[in-house]
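Worksheet: the structure to be examined is printed underneath.
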Amino acid sequence: MRARSVLGIIAAAALAAGCSRSDAAITTNIVSKLAADETVKSQQIDVNTKDRVVTLSGTVQNEAEEAKALEIARNTRGVANVVDDINVAPAGEQGAAPTTGAEAAPEVGAAPADSEIDSQVKAALTGEPSIKADQITVATANGVVTLSGKVSSEAQKTKAAEVAGKVPNVTRVDNELTVGK
């Protein structure tokens, strides 16, 4: 009877660990929420997750934007803690970036936003018939693309990284894909 209780506890712990969200999935989720939020979507906020601890960094125009970004991160499923490394621009520099959420006209020759790179990588993966793109999560921070999820072979893992690396403005690909059925 005691052995059955111990096995039940071990099974519950294994289930909880297996169901916990990966760092890459947490990052992707927060980046998506920030991009969709009217208060902070025009700001450049970097999101890094390690062991479910999220670090937000970058510069925003005011404290309301900082507070909203922190709220979004803290309310994201799977986040254990949030580290605030966000800087608020000094008063003389405010207004350099839009704070209303309206998209600013990109500078000629400016690199696309990370969300645009995400979209381009997802489209490229979807266009590759040997890859099951719906099994792959894409997260981009400062041009660095992180691929996570599960693929069925090493060949698919390698091909996904190659395809992502060919997308314009991708500076590096971190391939965290796992191989399995």
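The chains in the structure tokens are called A, B, ... from first to last as shown; in each chain the residues are counted from 1, and the ligands are counted from 1 in the order shown.
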
(message) So that I can see what lies close to A:Glu162, please list as an NGL selection string the residues with an atom at most 12 Å from it, counting only C-alpha atoms and leaving out residues fewer than 6 positions away in the same chain.
(response) :A and (121 or 124-125 or 128 or 131 or 145 or 147 or 155-156 or 170 or 172-175)

(request) Using only C-alpha atoms, find the one residue out of A:Val53, A:Ala67, A:Ile136, A:Ala141 that sits nearest to A:Val31. (result) A:Ala141

(request) Enter the distance from atom CA of A:Gly143 to atom CA of A:Ala161, in Å, rounded to one decimal. (result)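 Separation of atom CA of A:Gly143 and atom CA of A:Ala161: 14.0 Å.
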
(request) Calculate how many Å separate atom CA of A:Gly180 from atom CA of A:Gln135, rounding to one decimal. (result)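 Taking atom CA of A:Gly180 as the start and atom CA of A:Gln135 as the end point, the length is 11.4 Å.
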
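Between atom CA of A:Val60 and atom CA of A:Ala89 lies a distance of 6.0 Å.
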